[in-house]
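Participant: Next comes the structure file my_file-v9.pdb, holding PDB, C-alpha atoms and all ligand atoms.
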ATOM      1  CA  MET W  25       0.000   0.000   0.000  1.00  0.00           C
ATOM      2  CA  LEU W  26       1.160   3.511  -0.822  1.00  0.00           C
ATOM      3  CA  THR W  27      -0.103   6.091   1.659  1.00  0.00           C
ATOM      4  CA  HIS W  28       0.005   9.837   1.160  1.00  0.00           C
ATOM      5  CA  LEU W  29       0.076  11.757   4.453  1.00  0.00           C
ATOM      6  CA  LYS W  30      -0.700  15.436   3.978  1.00  0.00           C
ATOM      7  CA  GLY W  31       0.674  18.274   6.089  1.00  0.00           C
ATOM      8  CA  VAL W  32       3.164  16.379   8.258  1.00  0.00           C
ATOM      9  CA  LEU W  33       5.067  19.668   8.580  1.00  0.00           C
ATOM     10  CA  ASP W  34       3.468  23.142   8.559  1.00  0.00           C
ATOM     11  CA  ALA W  35       4.756  26.269   6.788  1.00  0.00           C
ATOM     12  CA  ASP W  36       6.792  27.496   9.801  1.00  0.00           C
ATOM     13  CA  GLU W  37       8.480  24.117  10.269  1.00  0.00           C
ATOM     14  CA  LEU W  38       9.293  23.890   6.568  1.00  0.00           C
ATOM     15  CA  ARG W  39      10.825  27.363   6.640  1.00  0.00           C
ATOM     16  CA  GLU W  40      12.929  26.449   9.676  1.00  0.00           C
ATOM     17  CA  ALA W  41      13.964  23.143   8.066  1.00  0.00           C
ATOM     18  CA  ARG W  42      15.045  24.848   4.840  1.00  0.00           C
ATOM     19  CA  VAL W  43      17.147  27.401   6.746  1.00  0.00           C
ATOM     20  CA  LEU W  44      18.929  24.525   8.517  1.00  0.00           C
ATOM     21  CA  LEU W  45      19.397  22.650   5.221  1.00  0.00           C
ATOM     22  CA  ALA W  46      20.772  25.734   3.444  1.00  0.00           C
ATOM     23  CA  ARG W  47      23.429  26.252   6.147  1.00  0.00           C
ATOM     24  CA  ALA W  48      24.353  22.585   6.588  1.00  0.00           C
ATOM     25  CA  SER W  49      27.442  20.935   5.157  1.00  0.00           C
ATOM     26  CA  TRP W  50      26.416  18.043   2.935  1.00  0.00           C
ATOM     27  CA  GLY W  51      28.237  14.734   2.542  1.00  0.00           C
ATOM     28  CA  ASP W  52      28.205  11.828   0.100  1.00  0.00           C
ATOM     29  CA  GLY W  53      24.886   9.935   0.148  1.00  0.00           C
ATOM     30  CA  ARG W  54      26.610   6.596  -0.256  1.00  0.00           C
ATOM     31  CA  VAL W  55      27.618   6.417   3.440  1.00  0.00           C
ATOM     32  CA  THR W  56      24.285   4.800   4.380  1.00  0.00           C
ATOM     33  CA  ALA W  57      23.903   2.664   1.246  1.00  0.00           C
ATOM     34  CA  GLY W  58      24.554  -1.069   1.010  1.00  0.00           C
ATOM     35  CA  VAL W  59      27.225  -2.397  -1.382  1.00  0.00           C
ATOM     36  CA  GLN W  60      24.808  -2.863  -4.273  1.00  0.00           C
ATOM     37  CA  SER W  61      22.776   0.329  -3.843  1.00  0.00           C
ATOM     38  CA  ALA W  62      25.959   2.405  -3.420  1.00  0.00           C
ATOM     39  CA  GLN W  63      26.573   1.805  -7.124  1.00  0.00           C
ATOM     40  CA  ALA W  64      23.189   3.319  -8.002  1.00  0.00           C
ATOM     41  CA  LYS W  65      23.238   6.142  -5.464  1.00  0.00           C
ATOM     42  CA  ASN W  66      24.439   9.576  -6.464  1.00  0.00           C
ATOM     43  CA  ASN W  67      23.110  12.250  -4.137  1.00  0.00           C
ATOM     44  CA  GLN W  68      24.086  14.254  -1.082  1.00  0.00           C
ATOM     45  CA  GLN W  69      23.135  13.570   2.490  1.00  0.00           C
ATOM     46  CA  LEU W  70      23.531  15.276   5.872  1.00  0.00           C
ATOM     47  CA  PRO W  71      25.976  13.493   8.191  1.00  0.00           C
ATOM     48  CA  GLN W  72      23.980  11.530  10.791  1.00  0.00           C
ATOM     49  CA  ASP W  73      25.794  13.036  13.763  1.00  0.00           C
ATOM     50  CA  ALA W  74      25.675  16.705  12.682  1.00  0.00           C
ATOM     51  CA  GLU W  75      24.032  19.327  14.889  1.00  0.00           C
ATOM     52  CA  ALA W  76      21.724  20.358  12.018  1.00  0.00           C
ATOM     53  CA  THR W  77      20.613  16.744  11.523  1.00  0.00           C
ATOM     54  CA  ARG W  78      19.540  16.487  15.141  1.00  0.00           C
ATOM     55  CA  ALA W  79      17.585  19.760  14.959  1.00  0.00           C
ATOM     56  CA  LEU W  80      15.895  18.595  11.750  1.00  0.00           C
ATOM     57  CA  GLN W  81      15.087  15.199  13.271  1.00  0.00           C
ATOM     58  CA  ARG W  82      13.284  16.929  16.148  1.00  0.00           C
ATOM     59  CA  ILE W  83      11.159  18.862  13.639  1.00  0.00           C
ATOM     60  CA  VAL W  84      10.248  15.746  11.625  1.00  0.00           C
ATOM     61  CA  LEU W  85       9.524  13.536  14.654  1.00  0.00           C
ATOM     62  CA  GLY W  86       7.368  16.321  16.154  1.00  0.00           C
ATOM     63  CA  GLY W  87       5.335  16.427  12.933  1.00  0.00           C
ATOM     64  CA  LEU W  88       4.903  12.637  12.904  1.00  0.00           C
ATOM     65  CA  ASN W  89       3.809  12.521  16.542  1.00  0.00           C
ATOM     66  CA  ARG W  90       0.989  14.983  16.098  1.00  0.00           C
ATOM     67  CA  HIS W  91      -0.175  13.820  12.651  1.00  0.00           C
ATOM     68  CA  ALA W  92      -3.716  12.420  12.728  1.00  0.00           C
ATOM     69  CA  HIS W  93      -3.004   9.445  10.439  1.00  0.00           C
ATOM     70  CA  PHE W  94       0.686   8.511  10.847  1.00  0.00           C
ATOM     71  CA  PHE W  95       0.075   6.207  13.803  1.00  0.00           C
ATOM     72  CA  SER W  96      -2.948   4.551  12.208  1.00  0.00           C
ATOM     73  CA  ALA W  97      -1.206   4.053   8.836  1.00  0.00           C
ATOM     74  CA  ALA W  98       2.196   2.884  10.100  1.00  0.00           C
ATOM     75  CA  LEU W  99       1.373   1.382  13.527  1.00  0.00           C
ATOM     76  CA  PRO W 100       4.998   2.178  14.373  1.00  0.00           C
ATOM     77  CA  LYS W 101       7.068   0.071  16.718  1.00  0.00           C
ATOM     78  CA  ARG W 102      10.403   1.725  15.931  1.00  0.00           C
ATOM     79  CA  VAL W 103      11.214   4.731  13.758  1.00  0.00           C
ATOM     80  CA  PHE W 104      14.713   5.063  12.311  1.00  0.00           C
ATOM     81  CA  PRO W 105      16.124   8.557  13.069  1.00  0.00           C
ATOM     82  CA  PRO W 106      15.227  10.598   9.947  1.00  0.00           C
ATOM     83  CA  LEU W 107      17.959  11.307   7.376  1.00  0.00           C
ATOM     84  CA  PHE W 108      18.072  14.202   4.912  1.00  0.00           C
ATOM     85  CA  ASN W 109      19.104  14.287   1.286  1.00  0.00           C
ATOM     86  CA  ARG W 110      19.558  16.642  -1.633  1.00  0.00           C
ATOM     87  CA  TYR W 111      19.476  15.903  -5.337  1.00  0.00           C
ATOM     88  CA  ALA W 112      20.956  18.661  -7.520  1.00  0.00           C
ATOM     89  CA  GLY W 113      23.663  19.416 -10.077  1.00  0.00           C
ATOM     90  CA  ALA W 114      26.014  16.497 -10.706  1.00  0.00           C
ATOM     91  CA  THR W 115      24.699  14.482  -7.703  1.00  0.00           C
ATOM     92  CA  ASN W 116      21.132  14.201  -8.859  1.00  0.00           C
ATOM     93  CA  ALA W 117      19.759  10.634  -8.956  1.00  0.00           C
ATOM     94  CA  PHE W 118      19.414   7.259  -7.239  1.00  0.00           C
ATOM     95  CA  GLY W 119      18.896   4.305  -9.596  1.00  0.00           C
ATOM     96  CA  ASN W 120      16.795   1.203  -8.985  1.00  0.00           C
ATOM     97  CA  HIS W 121      17.416  -0.486  -5.638  1.00  0.00           C
ATOM     98  CA  VAL W 122      15.727  -2.097  -2.639  1.00  0.00           C
ATOM     99  CA  ASP W 123      16.350  -0.745   0.847  1.00  0.00           C
ATOM    100  CA  ASN W 124      18.264  -2.975   3.257  1.00  0.00           C
ATOM    101  CA  ALA W 125      15.822  -5.091   5.284  1.00  0.00           C
ATOM    102  CA  VAL W 126      17.453  -4.255   8.619  1.00  0.00           C
ATOM    103  CA  ARG W 127      19.127  -0.975   9.614  1.00  0.00           C
ATOM    104  CA  PHE W 128      21.332  -0.435  12.640  1.00  0.00           C
ATOM    105  CA  VAL W 129      20.530   2.745  14.528  1.00  0.00           C
ATOM    106  CA  PRO W 130      23.667   4.890  14.814  1.00  0.00           C
ATOM    107  CA  GLY W 131      24.798   5.820  18.315  1.00  0.00           C
ATOM    108  CA  THR W 132      23.075   2.843  19.979  1.00  0.00           C
ATOM    109  CA  GLN W 133      24.243  -0.550  21.239  1.00  0.00           C
ATOM    110  CA  GLY W 134      23.298  -2.309  18.023  1.00  0.00           C
ATOM    111  CA  GLU W 135      19.613  -1.338  18.059  1.00  0.00           C
ATOM    112  CA  ARG W 136      17.932  -2.548  14.866  1.00  0.00           C
ATOM    113  CA  VAL W 137      14.962  -1.411  12.790  1.00  0.00           C
ATOM    114  CA  ARG W 138      13.310  -3.814  10.335  1.00  0.00           C
ATOM    115  CA  THR W 139      12.324  -1.672   7.342  1.00  0.00           C
ATOM    116  CA  ASP W 140       8.661  -2.624   6.905  1.00  0.00           C
ATOM    117  CA  LEU W 141       7.869   0.856   5.605  1.00  0.00           C
ATOM    118  CA  SER W 142       9.982   3.378   3.735  1.00  0.00           C
ATOM    119  CA  CYS W 143       9.109   7.042   4.218  1.00  0.00           C
ATOM    120  CA  THR W 144       9.890  10.068   2.056  1.00  0.00           C
ATOM    121  CA  LEU W 145       8.932  13.489   3.424  1.00  0.00           C
ATOM    122  CA  PHE W 146       9.197  16.218   0.774  1.00  0.00           C
ATOM    123  CA  LEU W 147      10.800  19.424   2.068  1.00  0.00           C
ATOM    124  CA  ASN W 148      10.491  21.721  -0.955  1.00  0.00           C
ATOM    125  CA  GLU W 149       7.820  22.308  -3.559  1.00  0.00           C
ATOM    126  CA  PRO W 150       7.558  20.267  -6.792  1.00  0.00           C
ATOM    127  CA  GLY W 151       7.854  23.512  -8.791  1.00  0.00           C
ATOM    128  CA  ASP W 152      11.327  24.127  -7.318  1.00  0.00           C
ATOM    129  CA  TYR W 153      12.836  21.357  -9.452  1.00  0.00           C
ATOM    130  CA  GLU W 154      12.461  19.366 -12.636  1.00  0.00           C
ATOM    131  CA  GLY W 155      12.584  15.543 -12.448  1.00  0.00           C
ATOM    132  CA  GLY W 156      13.229  13.987  -9.034  1.00  0.00           C
ATOM    133  CA  GLU W 157      10.135  11.762  -9.028  1.00  0.00           C
ATOM    134  CA  LEU W 158      10.177   8.855  -6.594  1.00  0.00           C
ATOM    135  CA  ALA W 159       9.444   5.937  -8.946  1.00  0.00           C
ATOM    136  CA  ILE W 160       8.114   2.792  -7.240  1.00  0.00           C
ATOM    137  CA  GLU W 161       7.867  -0.375  -9.293  1.00  0.00           C
ATOM    138  CA  ASP W 162       4.989  -2.813  -9.157  1.00  0.00           C
ATOM    139  CA  SER W 163       4.296  -5.991 -11.161  1.00  0.00           C
ATOM    140  CA  PHE W 164       2.642  -4.145 -14.059  1.00  0.00           C
ATOM    141  CA  ASP W 165       3.421  -0.474 -13.749  1.00  0.00           C
ATOM    142  CA  THR W 166       5.570   2.109 -12.051  1.00  0.00           C
ATOM    143  CA  GLN W 167       4.118   4.804  -9.828  1.00  0.00           C
ATOM    144  CA  ARG W 168       5.906   8.140 -10.101  1.00  0.00           C
ATOM    145  CA  ILE W 169       5.424  10.397  -7.122  1.00  0.00           C
ATOM    146  CA  LYS W 170       6.248  13.977  -6.305  1.00  0.00           C
ATOM    147  CA  LEU W 171       4.382  15.564  -3.392  1.00  0.00           C
ATOM    148  CA  PRO W 172       3.944  19.103  -2.059  1.00  0.00           C
ATOM    149  CA  ALA W 173       6.380  20.308   0.614  1.00  0.00           C
ATOM    150  CA  GLY W 174       5.402  18.956   4.050  1.00  0.00           C
ATOM    151  CA  ASP W 175       3.644  15.860   2.640  1.00  0.00           C
ATOM    152  CA  MET W 176       4.974  12.337   3.116  1.00  0.00           C
ATOM    153  CA  LEU W 177       4.745   9.058   1.247  1.00  0.00           C
ATOM    154  CA  LEU W 178       4.742   5.715   3.070  1.00  0.00           C
ATOM    155  CA  TYR W 179       5.479   2.688   0.887  1.00  0.00           C
ATOM    156  CA  PRO W 180       6.391  -0.936   1.534  1.00  0.00           C
ATOM    157  CA  GLY W 181      10.120  -1.521   1.976  1.00  0.00           C
ATOM    158  CA  THR W 182       9.815  -4.537  -0.313  1.00  0.00           C
ATOM    159  CA  ARG W 183       9.485  -2.525  -3.542  1.00  0.00           C
ATOM    160  CA  VAL W 184      12.194  -1.729  -6.068  1.00  0.00           C
ATOM    161  CA  HIS W 185      12.368   2.073  -6.347  1.00  0.00           C
ATOM    162  CA  ARG W 186      14.510   4.943  -7.600  1.00  0.00           C
ATOM    163  CA  VAL W 187      14.724   8.738  -7.675  1.00  0.00           C
ATOM    164  CA  GLU W 188      14.733  10.122 -11.224  1.00  0.00           C
ATOM    165  CA  PRO W 189      17.478  12.594 -12.161  1.00  0.00           C
ATOM    166  CA  VAL W 190      16.857  16.186 -11.086  1.00  0.00           C
ATOM    167  CA  THR W 191      17.555  18.297 -14.179  1.00  0.00           C
ATOM    168  CA  ARG W 192      16.804  21.755 -12.738  1.00  0.00           C
ATOM    169  CA  GLY W 193      16.836  23.160  -9.198  1.00  0.00           C
ATOM    170  CA  GLU W 194      17.239  20.980  -6.113  1.00  0.00           C
ATOM    171  CA  ARG W 195      15.077  18.360  -4.435  1.00  0.00           C
ATOM    172  CA  LEU W 196      15.192  18.305  -0.631  1.00  0.00           C
ATOM    173  CA  ALA W 197      13.685  15.483   1.391  1.00  0.00           C
ATOM    174  CA  SER W 198      13.814  13.531   4.597  1.00  0.00           C
ATOM    175  CA  PHE W 199      13.834   9.751   4.375  1.00  0.00           C
ATOM    176  CA  PHE W 200      13.656   7.036   7.002  1.00  0.00           C
ATOM    177  CA  TRP W 201      12.113   3.678   7.836  1.00  0.00           C
ATOM    178  CA  VAL W 202       9.489   2.344  10.192  1.00  0.00           C
ATOM    179  CA  GLU W 203       9.335  -1.058  11.802  1.00  0.00           C
ATOM    180  CA  SER W 204       5.625  -1.657  12.250  1.00  0.00           C
ATOM    181  CA  MET W 205       3.878  -3.506  15.078  1.00  0.00           C
ATOM    182  CA  VAL W 206       1.974  -5.204  12.224  1.00  0.00           C
ATOM    183  CA  ARG W 207       4.520  -6.672   9.857  1.00  0.00           C
ATOM    184  CA  ALA W 208       2.187  -7.759   7.016  1.00  0.00           C
ATOM    185  CA  ASP W 209       1.298  -4.954   4.609  1.00  0.00           C
ATOM    186  CA  ASP W 210      -2.192  -6.337   3.859  1.00  0.00           C
ATOM    187  CA  ALA W 211      -3.093  -6.700   7.559  1.00  0.00           C
ATOM    188  CA  ARG W 212      -1.861  -3.149   8.234  1.00  0.00           C
ATOM    189  CA  ARG W 213      -3.973  -1.936   5.318  1.00  0.00           C
ATOM    190  CA  LEU W 214      -7.125  -3.599   6.681  1.00  0.00           C
ATOM    191  CA  LEU W 215      -6.596  -1.950  10.053  1.00  0.00           C
ATOM    192  CA  PHE W 216      -5.971   1.465   8.472  1.00  0.00           C
ATOM    193  CA  ASP W 217      -9.143   1.228   6.358  1.00  0.00           C
ATOM    194  CA  MET W 218     -11.189   0.009   9.297  1.00  0.00           C
ATOM    195  CA  ASP W 219      -9.941   2.834  11.501  1.00  0.00           C
ATOM    196  CA  ALA W 220     -10.794   5.419   8.820  1.00  0.00           C
ATOM    197  CA  HIS W 221     -14.328   4.037   8.387  1.00  0.00           C
ATOM    198  CA  LEU W 222     -14.813   3.938  12.152  1.00  0.00           C
ATOM    199  CA  MET W 223     -13.775   7.583  12.460  1.00  0.00           C
ATOM    200  CA  ALA W 224     -16.374   8.506   9.824  1.00  0.00           C
ATOM    201  CA  LEU W 225     -19.025   6.421  11.571  1.00  0.00           C
ATOM    202  CA  ARG W 226     -18.277   8.029  14.952  1.00  0.00           C
ATOM    203  CA  GLY W 227     -18.751  11.420  13.302  1.00  0.00           C
ATOM    204  CA  SER W 228     -22.160  10.495  11.903  1.00  0.00           C
ATOM    205  CA  VAL W 229     -23.758   8.300  14.589  1.00  0.00           C
ATOM    206  CA  GLY W 230     -21.757   9.234  17.688  1.00  0.00           C
ATOM    207  CA  GLU W 231     -19.397   7.468  20.089  1.00  0.00           C
ATOM    208  CA  ALA W 232     -22.141   5.811  22.142  1.00  0.00           C
ATOM    209  CA  ASP W 233     -23.725   3.868  19.265  1.00  0.00           C
ATOM    210  CA  ALA W 234     -23.680   0.134  20.053  1.00  0.00           C
ATOM    211  CA  ALA W 235     -22.336  -0.833  16.609  1.00  0.00           C
ATOM    212  CA  VAL W 236     -19.528   1.761  16.894  1.00  0.00           C
ATOM    213  CA  ILE W 237     -18.536   0.323  20.267  1.00  0.00           C
ATOM    214  CA  GLY W 238     -18.676  -3.205  18.857  1.00  0.00           C
ATOM    215  CA  LEU W 239     -16.594  -2.390  15.770  1.00  0.00           C
ATOM    216  CA  THR W 240     -14.069  -0.453  17.869  1.00  0.00           C
ATOM    217  CA  GLY W 241     -13.720  -3.643  19.894  1.00  0.00           C
ATOM    218  CA  THR W 242     -13.185  -5.640  16.689  1.00  0.00           C
ATOM    219  CA  TYR W 243     -10.464  -3.198  15.556  1.00  0.00           C
ATOM    220  CA  HIS W 244      -8.612  -3.555  18.844  1.00  0.00           C
ATOM    221  CA  ASN W 245      -9.050  -7.320  18.905  1.00  0.00           C
ATOM    222  CA  LEU W 246      -7.532  -7.599  15.419  1.00  0.00           C
ATOM    223  CA  LEU W 247      -4.684  -5.294  16.452  1.00  0.00           C
ATOM    224  CA  ARG W 248      -4.134  -7.393  19.583  1.00  0.00           C
ATOM    225  CA  MET W 249      -4.050 -10.545  17.437  1.00  0.00           C
ATOM    226  CA  TRP W 250      -1.556  -9.130  14.892  1.00  0.00           C
ATOM    227  CA  ALA W 251       0.535  -6.638  16.857  1.00  0.00           C
ATOM    228  CA  ASP W 252       4.044  -7.407  17.996  1.00  0.00           C
ATOM    229  CA  VAL W 253       4.897  -4.741  20.571  1.00  0.00           C
TER     230      VAL W 253
HETATM  231 NI    NI W 301      15.618   3.554  -1.141  1.00  0.00          NI
END
Could I get this structure in the form of structure tokens?

Facilitator:
Amino acid sequence: MLTHLKGVLDADELREARVLLARASWGDGRVTAGVQSAQAKNNQQLPQDAEATRALQRIVLGGLNRHAHFFSAALPKRVFPPLFNRYAGATNAFGNHVDNAVRFVPGTQGERVRTDLSCTLFLNEPGDYEGGELAIEDSFDTQRIKLPAGDMLLYPGTRVHRVEPVTRGERLASFFWVESMVRADDARRLLFDMDAHLMALRGSVGEADAAVIGLTGTYHNLLRMWADV
């Protein structure tokens, strides 16, 4: 499932993030790539231990925590500390690859995150650059995605994907991974849909309706059955 989360960051946060990104010193994106994907990767990335990275991570994690649908869509167990990249000039693309299944969290005693979900949070507007689509392959077609600044795409870590060459301007984004309490994509999707329908139902018939209470129980019983916490 591909999920588009709107407005993860607001205009003030985006402005603050772009100031930090403009002042930051960028490094080679290949430092966090595996052996195979390093050959396809040609972009710039903020060093994981830089002061600016930590300030930007606080902004992104704050946006995720208050977003109405992030929890319901991702059912997060662990979130990898967000990373930041730039595609521009001669370092402008990332060819087809799959993300490593397990990532080690820097600065911890070997803490691991299984990459059930990949996340791309767009930090500047699509009109600021040409190209730079996130292209995600499926059995029959390829979805090509470019979202407004502040919006985020969640997609399964299992998919082959790439970032098309940026031919004008620069593309700024945050990217990271989520290990979900519900590992199976289809089960997570059922829970997300059910939660959305329940929210709508609560709005129309009220919290105290017997069927709403019953279905809320069913949602939690399914989550209890599938969740690994
Ligand atoms: Ni990737």

Participant: Excluding Asn148 of chain W and any residue of its chain fewer than 2 positions from it, enumerate the residues within 10 Å of it, using only C-alpha atoms, and give them as a VMD selection string.

Facilitator: chain W and resid 38 to 39 41 to 42 145 to 146 150 to 153 171 to 175 194 to 197

Participant: Can you write out the residues you just picked, keeping C-alpha atoms, as an mmCIF file, keeping the file's coordinate frame?

Facilitator:
data_model
loop_
_atom_site.group_PDB
_atom_site.id
_atom_site.type_symbol
_atom_site.label_atom_id
_atom_site.label_comp_id
_atom_site.auth_asym_id
_atom_site.auth_seq_id
_atom_site.Cartn_x
_atom_site.Cartn_y
_atom_site.Cartn_z
ATOM 1 C CA LEU W 38 9.293 23.890 6.568
ATOM 2 C CA ARG W 39 10.825 27.363 6.640
ATOM 3 C CA ALA W 41 13.964 23.143 8.066
ATOM 4 C CA ARG W 42 15.045 24.848 4.840
ATOM 5 C CA LEU W 145 8.932 13.489 3.424
ATOM 6 C CA PHE W 146 9.197 16.218 0.774
ATOM 7 C CA PRO W 150 7.558 20.267 -6.792
ATOM 8 C CA GLY W 151 7.854 23.512 -8.791
ATOM 9 C CA ASP W 152 11.327 24.127 -7.318
ATOM 10 C CA TYR W 153 12.836 21.357 -9.452
ATOM 11 C CA LEU W 171 4.382 15.564 -3.392
ATOM 12 C CA PRO W 172 3.944 19.103 -2.059
ATOM 13 C CA ALA W 173 6.380 20.308 0.614
ATOM 14 C CA GLY W 174 5.402 18.956 4.050
ATOM 15 C CA ASP W 175 3.644 15.860 2.640
ATOM 16 C CA GLU W 194 17.239 20.980 -6.113
ATOM 17 C CA ARG W 195 15.077 18.360 -4.435
ATOM 18 C CA LEU W 196 15.192 18.305 -0.631
ATOM 19 C CA ALA W 197 13.685 15.483 1.391
#

Participant: Which residues are close to Asn124 of chain W, i.e. within 10 Å by all atoms listed in the file, leaving aside same-chain residues fewer than 3 positions away? Reply as number ranges by chain.

Facilitator: W: 56-58, 60-61, 121, 127, 138-139, 181-182

Participant: Taking into account all atoms listed in the file, which residue in the set W:Asp36, W:Asp165, W:Glu135, W:Glu188 is nearest to Lys65 of chain W?

Facilitator: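 Checking each candidate against Lys65 of chain W, we get W:Glu188 as the closest.
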
Participant: Could you tell me which residues the PyMOL selection byres (((not hetatm)) within 12 of (chain W and resi 301)) returns for this structure, as a ChimeraX atom specification?

Facilitator: /W:53-54,56-58,60-62,64-67,107,109,117-125,139,141-144,158-161,178-187,198-201

Participant: What's the separation between atom CA of Arg110 of chain W and atom CA of Arg82 of chain W, in Å to one decimal place?

Facilitator: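 Answer for the atom CA of Arg110 of chain W to atom CA of Arg82 of chain W separation: 18.9 Å.
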
Participant: So what do you get for atom CA of Leu29 of chain W versus atom CA of Met176 of chain W, distance-wise?

Facilitator: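 The value is 5.1 Å.
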
Participant: Between W:Val32, W:Leu246, W:Leu215, W:Leu225, which residue has the minimum interatomic distance to Leu99 of chain W, considering only C-alpha atoms?

Facilitator: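 Ranking W:Val32, W:Leu246, W:Leu215, W:Leu225 by distance to Leu99 of chain W, first place goes to W:Leu215.
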